[in-house]
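*Asks:* You'll find coords-v2.txt just under this line, and it carries compact mmCIF, C-alpha atoms.
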```txt
# COMPACT_ATOMS: atom_id res chain seq x y z
CA MET A 112 -158.01 -68.48 100.85
CA THR A 113 -161.36 -69.43 99.34
CA VAL A 114 -161.86 -70.25 95.68
CA ARG A 115 -163.91 -67.10 95.20
CA ALA A 116 -161.28 -64.83 96.66
CA ARG A 117 -158.70 -66.40 94.35
CA GLU A 118 -160.85 -65.65 91.30
CA THR A 119 -161.49 -62.00 92.09
CA GLY A 120 -157.83 -61.48 92.84
CA ALA A 121 -156.72 -62.98 89.53
CA HIS A 122 -156.29 -59.71 87.59
CA ARG A 123 -154.42 -57.99 90.35
CA GLY A 124 -152.47 -61.24 90.70
CA ILE A 125 -151.01 -61.10 87.21
CA LEU A 126 -149.77 -57.52 87.62
CA ARG A 127 -148.38 -58.39 91.02
CA ASP A 128 -146.60 -61.44 89.63
CA ALA A 129 -145.16 -59.39 86.77
CA GLY A 130 -143.97 -56.72 89.20
CA ARG A 131 -142.30 -59.28 91.40
CA ALA A 132 -140.68 -60.93 88.39
CA VAL A 133 -139.26 -57.58 87.21
CA GLY A 134 -137.97 -56.97 90.72
CA GLY A 135 -136.31 -60.37 90.83
CA ALA A 136 -134.82 -59.96 87.38
CA LEU A 137 -133.34 -56.60 88.42
CA ILE A 138 -131.92 -57.79 91.74
CA PHE A 139 -130.31 -60.85 90.25
CA SER A 140 -129.09 -59.46 86.95
CA LEU A 141 -128.04 -55.85 87.56
CA PRO A 142 -124.41 -56.86 88.20
CA MET A 143 -124.42 -58.50 84.75
CA LEU A 144 -126.44 -55.77 83.01
CA MET A 145 -123.70 -53.35 84.09
CA THR A 146 -120.73 -55.52 83.10
CA MET A 147 -118.86 -54.60 79.94
CA GLU A 148 -117.84 -58.15 79.06
CA MET A 149 -121.49 -59.22 78.99
CA TRP A 150 -122.20 -56.60 76.28
CA GLN A 151 -119.13 -57.56 74.30
CA LEU A 152 -120.12 -61.22 74.35
CA ALA A 153 -123.05 -60.32 72.10
CA TYR A 154 -120.70 -59.80 69.17
CA THR A 155 -117.85 -62.13 70.12
CA ILE A 156 -119.92 -65.23 70.91
CA GLU A 157 -120.62 -67.56 68.01
CA GLY A 158 -124.32 -67.83 67.23
CA TRP A 159 -124.55 -71.57 67.79
CA ARG A 160 -122.91 -71.37 71.23
CA LEU A 161 -125.47 -68.78 72.26
CA ALA A 162 -128.20 -71.04 70.87
CA LEU A 163 -126.80 -73.96 72.88
CA LEU A 164 -126.73 -71.83 76.04
CA LEU A 165 -130.39 -70.96 75.55
CA ALA A 166 -131.22 -74.60 74.76
CA VAL A 167 -129.69 -75.62 78.09
CA ALA A 168 -131.33 -72.73 79.94
CA VAL A 169 -134.89 -73.53 78.85
CA PRO A 170 -135.24 -76.99 80.48
CA LEU A 171 -133.36 -75.61 83.48
CA LEU A 172 -135.87 -72.77 83.90
CA VAL A 173 -138.81 -75.14 83.46
CA GLY A 174 -137.28 -77.46 86.07
CA LEU A 175 -136.63 -74.58 88.45
CA SER A 176 -140.16 -73.35 88.01
CA HIS A 177 -141.39 -76.87 88.73
CA VAL A 178 -139.30 -77.25 91.89
CA ILE A 179 -140.17 -73.86 93.40
CA GLY A 180 -143.75 -73.68 92.08
CA PHE A 181 -146.43 -72.77 94.57
CA GLU A 182 -149.26 -75.14 93.88
CA GLU A 183 -148.85 -78.81 94.55
CA ARG A 184 -149.38 -81.31 91.74
CA ARG A 185 -148.36 -78.83 89.07
CA THR A 186 -148.34 -80.06 85.52
CA LEU A 187 -145.32 -79.72 83.29
CA ARG A 188 -147.36 -77.40 81.10
CA GLU A 189 -147.95 -74.96 83.93
CA SER A 190 -144.27 -74.99 84.79
CA ALA A 191 -143.40 -74.36 81.14
CA MET A 192 -145.86 -71.45 81.05
CA ASP A 193 -144.28 -70.02 84.20
CA ALA A 194 -140.80 -70.36 82.74
CA SER A 195 -141.84 -68.64 79.50
CA PHE A 196 -143.43 -65.85 81.51
CA ALA A 197 -140.20 -65.42 83.48
CA PHE A 198 -138.16 -65.46 80.27
CA GLY A 199 -140.39 -62.82 78.69
CA ILE A 200 -140.18 -60.58 81.75
CA ALA A 201 -136.41 -61.07 81.82
CA ALA A 202 -136.00 -60.12 78.15
CA PHE A 203 -138.24 -57.09 78.64
CA THR A 204 -136.35 -55.95 81.74
CA SER A 205 -133.00 -56.40 79.98
CA LEU A 206 -134.24 -54.46 76.96
CA VAL A 207 -135.43 -51.53 79.07
CA VAL A 208 -132.36 -51.36 81.33
CA LEU A 209 -129.83 -51.77 78.51
CA THR A 210 -131.62 -49.06 76.49
CA ILE A 211 -131.66 -46.64 79.44
CA LEU A 212 -127.98 -47.27 80.06
CA GLY A 213 -127.22 -46.51 76.42
CA VAL A 214 -125.84 -49.99 75.82
CA LEU A 215 -128.45 -50.48 73.12
CA ALA A 216 -128.40 -47.65 70.63
CA PRO A 217 -129.82 -46.95 67.19
CA GLY A 218 -127.48 -48.09 64.43
CA MET A 219 -126.62 -51.40 66.10
CA SER A 220 -127.36 -54.47 64.03
CA GLY A 221 -130.34 -56.62 64.92
CA ASP A 222 -127.95 -59.48 65.68
CA GLU A 223 -126.07 -57.42 68.23
CA ILE A 224 -129.20 -56.18 69.99
CA ALA A 225 -130.76 -59.66 70.07
CA GLY A 226 -127.49 -61.15 71.35
CA LYS A 227 -127.15 -58.58 74.13
CA ILE A 228 -130.69 -59.22 75.32
CA ALA A 229 -130.49 -63.02 74.95
CA ILE A 230 -127.34 -63.35 77.07
CA GLN A 231 -128.78 -61.19 79.84
CA SER A 232 -132.13 -62.97 79.76
CA VAL A 233 -130.81 -66.23 81.18
CA PRO A 234 -129.68 -64.96 84.61
CA ALA A 235 -132.53 -62.42 84.67
CA ALA A 236 -135.07 -65.21 84.10
CA ILE A 237 -133.59 -67.19 86.99
CA GLY A 238 -134.01 -64.04 89.08
CA ALA A 239 -137.58 -63.56 87.90
CA LEU A 240 -138.45 -67.13 88.91
CA LEU A 241 -136.69 -66.86 92.26
CA ALA A 242 -138.57 -63.64 92.98
CA ARG A 243 -141.73 -65.70 93.21
CA SER A 244 -140.31 -67.85 95.94
CA GLN A 245 -138.13 -65.35 97.78
CA LEU A 246 -139.91 -61.99 97.49
CA LYS A 247 -143.43 -63.20 98.17
CA SER A 248 -145.38 -61.70 101.06
CA SER A 249 -145.79 -63.81 104.14
CA ASP A 250 -149.49 -64.51 103.70
CA ASP A 251 -148.99 -66.26 100.37
CA ASP A 252 -149.19 -70.01 100.30
CA ASP A 253 -145.85 -71.33 101.35
CA ALA A 254 -145.57 -74.55 99.45
CA LEU A 255 -141.80 -74.17 99.32
CA GLY A 256 -141.33 -74.70 103.04
CA ASP A 257 -143.29 -77.94 102.96
CA ARG A 258 -141.82 -79.12 99.69
CA LYS A 259 -140.46 -82.62 100.00
CA GLU A 260 -136.83 -82.45 98.99
CA THR A 261 -135.42 -85.27 96.93
CA TYR A 262 -131.86 -86.29 96.10
CA ALA A 263 -132.27 -85.47 92.40
CA GLY A 264 -133.98 -82.19 93.35
CA GLU A 265 -131.03 -81.22 95.54
CA LEU A 266 -128.54 -81.92 92.74
CA PHE A 267 -130.71 -79.92 90.34
CA LEU A 268 -130.86 -76.93 92.68
CA MET A 269 -127.08 -77.07 93.04
CA ALA A 270 -126.77 -76.91 89.25
CA VAL A 271 -129.03 -73.84 89.12
CA GLY A 272 -127.03 -72.11 91.89
CA ALA A 273 -123.74 -72.92 90.18
CA LEU A 274 -125.01 -71.63 86.83
CA PHE A 275 -126.32 -68.47 88.40
CA LEU A 276 -123.23 -67.41 90.36
CA GLY A 277 -121.02 -68.68 87.54
CA PHE A 278 -122.87 -66.37 85.15
CA ASN A 279 -121.83 -63.38 87.27
CA LEU A 280 -118.16 -64.20 86.89
CA ALA A 281 -117.58 -66.39 83.83
CA PRO A 282 -117.67 -63.54 81.26
CA THR A 283 -115.12 -61.40 83.13
CA GLU A 284 -111.50 -61.30 82.10
CA GLU A 285 -110.50 -61.79 85.72
CA MET A 286 -111.38 -65.51 85.64
CA ILE A 287 -108.70 -66.11 83.04
CA LEU A 288 -106.25 -63.62 84.52
CA ILE A 289 -106.52 -65.29 87.95
CA SER A 290 -105.79 -68.67 86.41
CA TYR A 291 -102.61 -67.21 84.87
CA GLN A 292 -101.49 -65.82 88.22
CA MET A 293 -102.04 -69.03 90.16
CA SER A 294 -99.71 -71.99 90.32
CA LYS A 295 -101.00 -75.57 90.15
CA TRP A 296 -100.48 -75.84 93.90
CA HIS A 297 -102.70 -72.82 94.47
CA ALA A 298 -105.31 -74.59 92.33
CA ILE A 299 -105.19 -77.78 94.42
CA VAL A 300 -105.71 -75.75 97.60
CA LEU A 301 -108.59 -73.87 95.93
CA VAL A 302 -110.31 -77.17 95.07
CA ALA A 303 -110.04 -78.26 98.71
CA ILE A 304 -111.33 -74.90 99.98
CA SER A 305 -114.26 -74.94 97.54
CA ILE A 306 -115.35 -78.37 98.77
CA ALA A 307 -114.87 -77.47 102.43
CA ALA A 308 -116.88 -74.26 102.00
CA MET A 309 -119.68 -76.12 100.21
CA HIS A 310 -119.88 -78.75 102.90
CA GLY A 311 -119.67 -76.21 105.70
CA PHE A 312 -122.39 -73.98 104.25
CA VAL A 313 -124.95 -76.74 104.11
CA PHE A 314 -124.12 -79.07 106.96
CA ALA A 315 -121.82 -77.53 109.52
CA VAL A 316 -122.44 -73.87 110.30
CA GLU A 317 -126.21 -74.27 110.76
CA PHE A 318 -127.39 -71.49 108.48
CA LYS A 319 -131.15 -71.15 108.23
CA GLY A 320 -132.20 -73.64 105.55
CA GLY A 321 -129.15 -75.83 106.04
CA SER A 322 -129.54 -79.57 106.52
CA GLU A 323 -129.04 -81.03 109.95
CA LEU A 324 -127.34 -84.37 109.94
CA SER A 325 -129.09 -86.98 112.07
CA GLU A 326 -127.02 -89.11 114.39
CA ASP A 327 -127.18 -92.08 112.00
CA THR A 328 -125.70 -90.03 109.16
CA PRO A 329 -121.93 -89.62 109.50
CA TRP A 330 -120.37 -86.47 107.98
CA TRP A 331 -118.39 -88.46 105.41
CA SER A 332 -121.57 -90.01 104.07
CA ALA A 333 -123.04 -86.55 103.43
CA LEU A 334 -119.74 -85.42 101.91
CA PHE A 335 -119.59 -88.39 99.58
CA ARG A 336 -123.23 -88.40 98.48
CA PHE A 337 -123.95 -84.65 98.36
CA THR A 338 -120.94 -82.38 98.52
CA LEU A 339 -118.66 -84.22 96.07
CA PRO A 340 -121.39 -84.60 93.39
CA GLY A 341 -122.22 -80.95 94.03
CA TYR A 342 -118.64 -79.93 93.35
CA ALA A 343 -118.52 -82.14 90.25
CA ILE A 344 -121.67 -80.41 88.95
CA ALA A 345 -120.25 -76.97 89.75
CA ALA A 346 -116.98 -77.78 87.97
CA LEU A 347 -118.73 -79.14 84.87
CA ILE A 348 -121.01 -76.10 84.71
CA ALA A 349 -117.96 -73.84 85.10
CA LEU A 350 -116.29 -75.62 82.19
CA PHE A 351 -119.45 -75.37 80.07
CA MET A 352 -119.77 -71.63 80.71
CA LEU A 353 -116.11 -70.93 79.94
CA TRP A 354 -116.54 -72.79 76.68
CA VAL A 355 -119.82 -71.04 75.79
CA PHE A 356 -118.22 -67.64 76.42
CA GLY A 357 -115.25 -68.58 74.25
CA ARG A 358 -112.77 -68.44 77.14
CA THR A 359 -111.28 -71.84 76.37
CA ASP A 360 -110.54 -71.21 72.67
CA GLY A 361 -106.91 -71.86 71.76
CA LEU A 362 -106.07 -72.60 75.40
CA ALA A 363 -103.77 -75.46 76.37
CA PRO A 364 -105.61 -78.28 78.26
CA GLU A 365 -103.88 -77.53 81.55
CA MET A 366 -104.84 -73.84 81.33
CA VAL A 367 -108.44 -74.89 80.66
CA VAL A 368 -108.38 -77.01 83.82
CA MET A 369 -106.92 -74.10 85.80
CA ALA A 370 -109.64 -71.72 84.57
CA MET A 371 -112.26 -74.35 85.40
CA VAL A 372 -110.97 -74.64 88.98
CA VAL A 373 -111.04 -70.85 89.37
CA LEU A 374 -114.65 -70.54 88.16
CA ALA A 375 -115.70 -73.69 90.04
CA PHE A 376 -114.99 -71.85 93.32
CA PRO A 377 -117.83 -69.30 92.97
CA ALA A 378 -119.96 -71.92 91.21
CA ALA A 379 -119.57 -74.25 94.20
CA ILE A 380 -120.52 -71.46 96.61
CA GLY A 381 -123.54 -70.71 94.40
CA ALA A 382 -124.49 -74.39 94.44
CA ALA A 383 -124.32 -74.54 98.23
CA ALA A 384 -126.21 -71.26 98.62
CA ALA A 385 -128.98 -72.53 96.35
CA ARG A 386 -129.52 -75.46 98.72
CA LEU A 387 -129.87 -73.07 101.63
CA ILE A 388 -132.09 -70.49 99.95
CA LEU A 389 -134.40 -72.68 97.87
CA MET B 28 -142.91 -82.55 115.24
CA SER B 29 -140.57 -85.14 116.73
CA ASP B 30 -136.82 -85.12 116.21
CA ASP B 31 -137.07 -88.07 113.85
CA GLU B 32 -139.57 -86.35 111.58
CA GLU B 33 -137.59 -83.12 111.66
CA SER B 34 -134.34 -84.69 110.48
CA GLY B 35 -136.27 -86.86 107.96
CA ARG B 36 -137.12 -83.69 106.04
CA TYR B 37 -133.64 -83.65 104.59
CA PRO B 38 -132.81 -86.18 101.89
CA VAL B 39 -129.36 -86.56 103.45
CA ASN B 40 -130.86 -88.50 106.38
CA ARG B 41 -133.32 -90.66 104.45
CA ALA B 42 -132.86 -94.21 103.30
CA GLN B 43 -130.18 -94.10 100.65
CA HIS B 44 -130.67 -95.19 97.09
CA PRO B 45 -127.68 -97.06 95.56
CA ALA B 46 -127.58 -94.40 92.83
CA GLU B 47 -126.51 -91.85 95.43
CA TRP B 48 -123.39 -93.91 96.18
CA ILE B 49 -122.70 -94.49 92.47
CA ILE B 50 -122.93 -90.75 91.75
CA GLY B 51 -120.80 -90.07 94.81
CA ALA B 52 -118.18 -92.59 93.67
CA ALA B 53 -118.10 -91.16 90.14
CA SER B 54 -117.65 -87.66 91.56
CA ALA B 55 -114.88 -88.81 93.89
CA ILE B 56 -113.03 -90.47 91.00
CA GLY B 57 -113.41 -87.30 88.90
CA LEU B 58 -112.13 -85.19 91.78
CA LEU B 59 -109.11 -87.44 92.36
CA ALA B 60 -108.36 -87.30 88.64
CA LEU B 61 -108.53 -83.50 88.74
CA ILE B 62 -106.21 -83.21 91.74
CA GLY B 63 -103.90 -85.87 90.31
CA TYR B 64 -103.72 -84.03 86.98
CA LEU B 65 -102.93 -80.73 88.71
CA ALA B 66 -100.25 -82.37 90.89
CA VAL B 67 -98.61 -84.19 87.97
CA THR B 68 -98.50 -81.07 85.78
CA ALA B 69 -97.24 -79.05 88.76
CA LEU B 70 -94.36 -81.50 89.30
CA ALA B 71 -93.53 -81.65 85.58
CA GLU B 72 -93.54 -77.85 85.30
CA THR B 73 -90.31 -76.03 84.64
CA ASP B 74 -90.08 -72.31 85.11
CA GLY B 75 -88.73 -71.03 81.81
CA PRO B 76 -89.73 -67.82 80.02
CA PRO B 77 -92.44 -67.60 77.37
CA VAL B 78 -91.24 -68.82 73.96
CA PHE B 79 -93.00 -67.29 70.95
CA GLU B 80 -93.57 -69.02 67.63
CA PRO B 81 -95.35 -66.70 65.19
CA THR B 82 -96.52 -68.11 61.88
CA VAL B 83 -98.24 -66.58 58.86
CA ASP B 84 -101.41 -68.57 58.11
CA GLU B 85 -102.54 -66.81 54.94
CA VAL B 86 -102.17 -63.56 53.06
CA PHE B 87 -105.04 -62.10 51.07
CA ALA B 88 -106.25 -58.76 49.74
CA ALA B 89 -109.67 -57.37 50.58
CA GLU B 90 -110.93 -53.95 49.48
CA GLY B 91 -107.43 -52.84 48.54
CA VAL B 92 -105.88 -53.77 51.90
CA TRP B 93 -103.59 -56.76 52.42
CA HIS B 94 -104.35 -58.96 55.43
CA ALA B 95 -101.69 -61.25 56.84
CA ARG B 96 -103.41 -63.67 59.24
CA ILE B 97 -101.04 -64.57 62.08
CA THR B 98 -101.04 -67.36 64.66
CA LEU B 99 -98.85 -66.74 67.68
CA ARG B 100 -98.02 -69.78 69.77
CA ASN B 101 -96.43 -69.63 73.21
CA SER B 102 -94.56 -72.90 73.68
CA GLY B 103 -92.85 -71.68 76.85
CA ASP B 104 -93.80 -72.34 80.47
CA ARG B 105 -95.20 -68.95 81.42
CA THR B 106 -98.09 -66.85 80.22
CA ALA B 107 -97.20 -63.53 78.60
CA ALA B 108 -99.37 -60.40 78.54
CA ASP B 109 -99.39 -57.36 76.20
CA VAL B 110 -97.30 -59.19 73.63
CA VAL B 111 -96.23 -56.86 70.81
CA LEU B 112 -95.73 -58.62 67.49
CA GLN B 113 -94.14 -56.76 64.61
CA GLY B 114 -94.26 -57.78 60.96
CA THR B 115 -91.93 -56.31 58.34
CA ALA B 116 -92.57 -56.92 54.66
CA GLY B 117 -89.73 -57.30 52.13
CA GLY B 118 -90.47 -53.82 50.81
CA GLY B 119 -89.82 -52.29 54.23
CA GLU B 120 -93.45 -51.68 55.22
CA ALA B 121 -93.99 -52.52 58.91
CA SER B 122 -97.11 -53.23 60.93
CA GLU B 123 -97.67 -54.34 64.51
CA VAL B 124 -100.29 -55.89 66.75
CA THR B 125 -100.63 -56.34 70.53
CA PHE B 126 -102.05 -59.52 72.10
CA ASP B 127 -103.71 -59.15 75.52
CA TYR B 128 -102.61 -62.58 76.67
CA VAL B 129 -100.79 -65.50 75.16
CA PRO B 130 -101.12 -68.27 77.77
CA ALA B 131 -98.46 -70.95 78.16
CA GLY B 132 -98.93 -73.75 75.64
CA SER B 133 -101.73 -71.85 73.87
CA THR B 134 -102.28 -70.02 70.59
CA ARG B 135 -103.84 -66.69 69.67
CA GLN B 136 -104.88 -65.36 66.24
CA SER B 137 -104.70 -61.87 64.76
CA ALA B 138 -104.08 -60.03 61.50
CA LEU B 139 -101.49 -57.49 60.32
CA LEU B 140 -102.57 -55.05 57.63
CA PHE B 141 -100.42 -53.76 54.74
CA ASP B 142 -100.94 -51.36 51.82
CA ALA B 143 -98.88 -53.47 49.41
CA GLU B 144 -98.56 -57.23 49.16
CA PRO B 145 -96.32 -58.24 52.11
CA SER B 146 -93.96 -60.65 50.34
CA GLY B 147 -91.07 -61.96 52.41
CA LEU B 148 -92.93 -61.07 55.64
CA GLU B 149 -90.71 -61.33 58.73
CA LEU B 150 -92.39 -61.64 62.16
CA SER B 151 -90.78 -60.86 65.48
CA VAL B 152 -92.07 -60.40 69.03
CA ARG B 153 -90.75 -57.12 70.44
CA SER B 154 -92.00 -57.11 74.04
CA TYR B 155 -94.30 -58.63 76.66
CA THR B 156 -95.27 -58.12 80.31
CA ASP B 157 -95.87 -60.64 83.10
CA PRO B 158 -99.59 -60.93 83.81
```
For this file, write the structure as structure tokens.

*Replies:*
Amino acid sequence: MTVRARETGAHRGILRDAGRAVGGALIFSLPMLMTMEMWQLAYTIEGWRLALLLAVAVPLLVGLSHVIGFEERRTLRESAMDASFAFGIAAFTSLVVLTILGVLAPGMSGDEIAGKIAIQSVPAAIGALLARSQLKSSDDDDALGDRKETYAGELFLMAVGALFLGFNLAPTEEMILISYQMSKWHAIVLVAISIAAMHGFVFAVEFKGGSELSEDTPWWSALFRFTLPGYAIAALIALFMLWVFGRTDGLAPEMVVMAMVVLAFPAAIGAAAARLIL
Amino acid sequence: MSDDEESGRYPVNRAQHPAEWIIGAASAIGLLALIGYLAVTALAETDGPPVFEPTVDEVFAAEGVWHARITLRNSGDRTAADVVLQGTAGGGEASEVTFDYVPAGSTRQSALLFDAEPSGLELSVRSYTDP
């Protein structure tokens, strides 16, 4: 595309970007927009935990925007602008959908409305950013395909994937209920299955976007350097989310560990999927 | 693109930085600790029923209603669901509350409400279900 064509397309470009971002926010956050526990969190979550969640989400969104950004040699400022744009679109989309669904109604306190939108905005903003990389038309510049992947970048993407899929499940009562139903032996098997699934997704079953191991790279080397750190990240993010959502309050340490293992399963799958998709 | 270049696209096949092995080792140690912890607690576990220890934390009046703040602790081995706790004041006034879950080794908080000051409040757990 020539410079001139880029300039004349700029106005249409902004609308198009906004449309894609709304689409991404909807696709990725509808399951959460229509989950009762996510609404209830708005008035059960303590304000400072919500603030901490947002404080963690902001650098994560900027980083994600940086990693999946289109143009090469992007500045941090541009990535921050992109992330703010995605966050704004996400908050707007959440506001509209929650209002249409009657979740937001007149008579609710400002705190409650702000809380409901803020919680939804995090996964929706991830969706809005991903929309730019995944829902783009084929004639757009495809910087993503040529992006040089780095070790730190891979770990970062795994964290985003774990956070995203974890967000779908962490607020639900089922996470805690499942941990009550399972024995410790079930939990040990679940840890093993999570790690095997993660490793298989990326290295073994040859999904599109998976990594092929060269002959000089034995499977255990990939397991040790990528899959185990990936699981550790997924487990820590699972623990963080359970704590943010108040699921660990008053819980005995061994029950906290059980709940972490339960949520680490989808988080690990999310981490592996992020490496394939992004 | 040759085979070498193709597989070089993935960081997993590139020259390895020592940090990758340090992070890998730290993760492996964390994982072993997790599995070890689960195995040790599994072996130490006995299969007794839930044991309830209700305590009254504080009693106060607000807007003409008496609140008795309760902490219910389950010191047993199993998690209980739908736990019904009843409180009876010395004057005969009774009030009850249902806890969704009281996990093994964990505590849950609630409040019982009374019209008159609940002196000599007696707490007892009336029922629970298995989750």

*Asks:* How close does each residue of chain B get to chain A, giving the shortest atom pair and distance in Å to one decimal for every residue with an atom at most 6 Å away, counting all atoms listed in the file, sorted by chain and residue number, as CSV?

*Replies:*
```
residue,atom,partner,partner_atom,distance
B:Ser34,CA,A:Ser325,CA,5.9
B:Pro38,CA,A:Thr261,CA,5.7
B:Glu47,CA,A:Arg336,CA,5.7
B:Trp48,CA,A:Arg336,CA,6.0
B:Gly51,CA,A:Arg336,CA,4.7
B:Ser54,CA,A:Pro340,CA,5.2
B:Leu65,CA,A:Lys295,CA,5.7
B:Ala69,CA,A:Lys295,CA,5.3
B:Gly132,CA,A:Ala363,CA,5.2
B:Ser133,CA,A:Leu362,CA,4.7
B:Thr134,CA,A:Gly361,CA,5.1
```

*Asks:* Would you list the residues near (-99.2, -69.3, 55.6), meaning any protein, DNA or RNA residue with an atom at most 10 Å from that point in file coordinates, counting all atoms listed in the file, as JSON, numbers by chain?

*Replies:* {"B": [82, 83, 84, 85, 86, 95, 96, 97, 98]}

*Asks:* Between atom CA of Val111 of chain B and atom CA of Asp127 of chain B, what is the spacing in Å?

*Replies:*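 Atom CA of Val111 of chain B lies at a distance of 9.1 Å from atom CA of Asp127 of chain B.
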
*Asks:* Between atom CA of Ala382 of chain A and atom CA of Ile348 of chain A, what is the distance, to one decimal in Å?

*Replies:* 10.5 Å

*Asks:* Which one is closest to Val233 of chain A: A:Thr155, A:Thr146, A:Thr186, A:Ser205? Count all atoms listed in the file.

*Replies:*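 Checking each of A:Thr155, A:Thr146, A:Thr186, A:Ser205 against Val233 of chain A, counting all atoms listed in the file, the winner is A:Ser205.
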
*Asks:* Taking all atoms of segment 38-57 of chain B that the file lists and extending 3 Å past them on each side, where is the centre of the axis-aligned box and how long are its edges? Answer in Å to one decimal, as lines of an AutoDock Vina configuration file.

*Replies:*
```
center_x = -123.2
center_y = -91.6
center_z = 97.6
size_x = 26.3
size_y = 16.9
size_z = 23.5
```

*Asks:* Using Å and a single decimal, report how far atom CA of Pro377 of chain A sits from atom CA of Gln136 of chain B.

*Replies:* 30.0 Å

*Asks:* Between A:Gly381, A:Gly158, A:Gly357, A:Gly221, which one has atoms that come closest to Gly272 of chain A, using all atoms listed in the file?

*Replies:*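 Closest to Gly272 of chain A of all the choices is A:Gly381.
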
*Asks:* Counting all atoms listed in the file, figure out which residue out of A:Ala383, A:Val214, A:His177, A:Phe278 gets nearest to Phe318 of chain A.

*Replies:*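 Closest to Phe318 of chain A of all the choices is A:Ala383.
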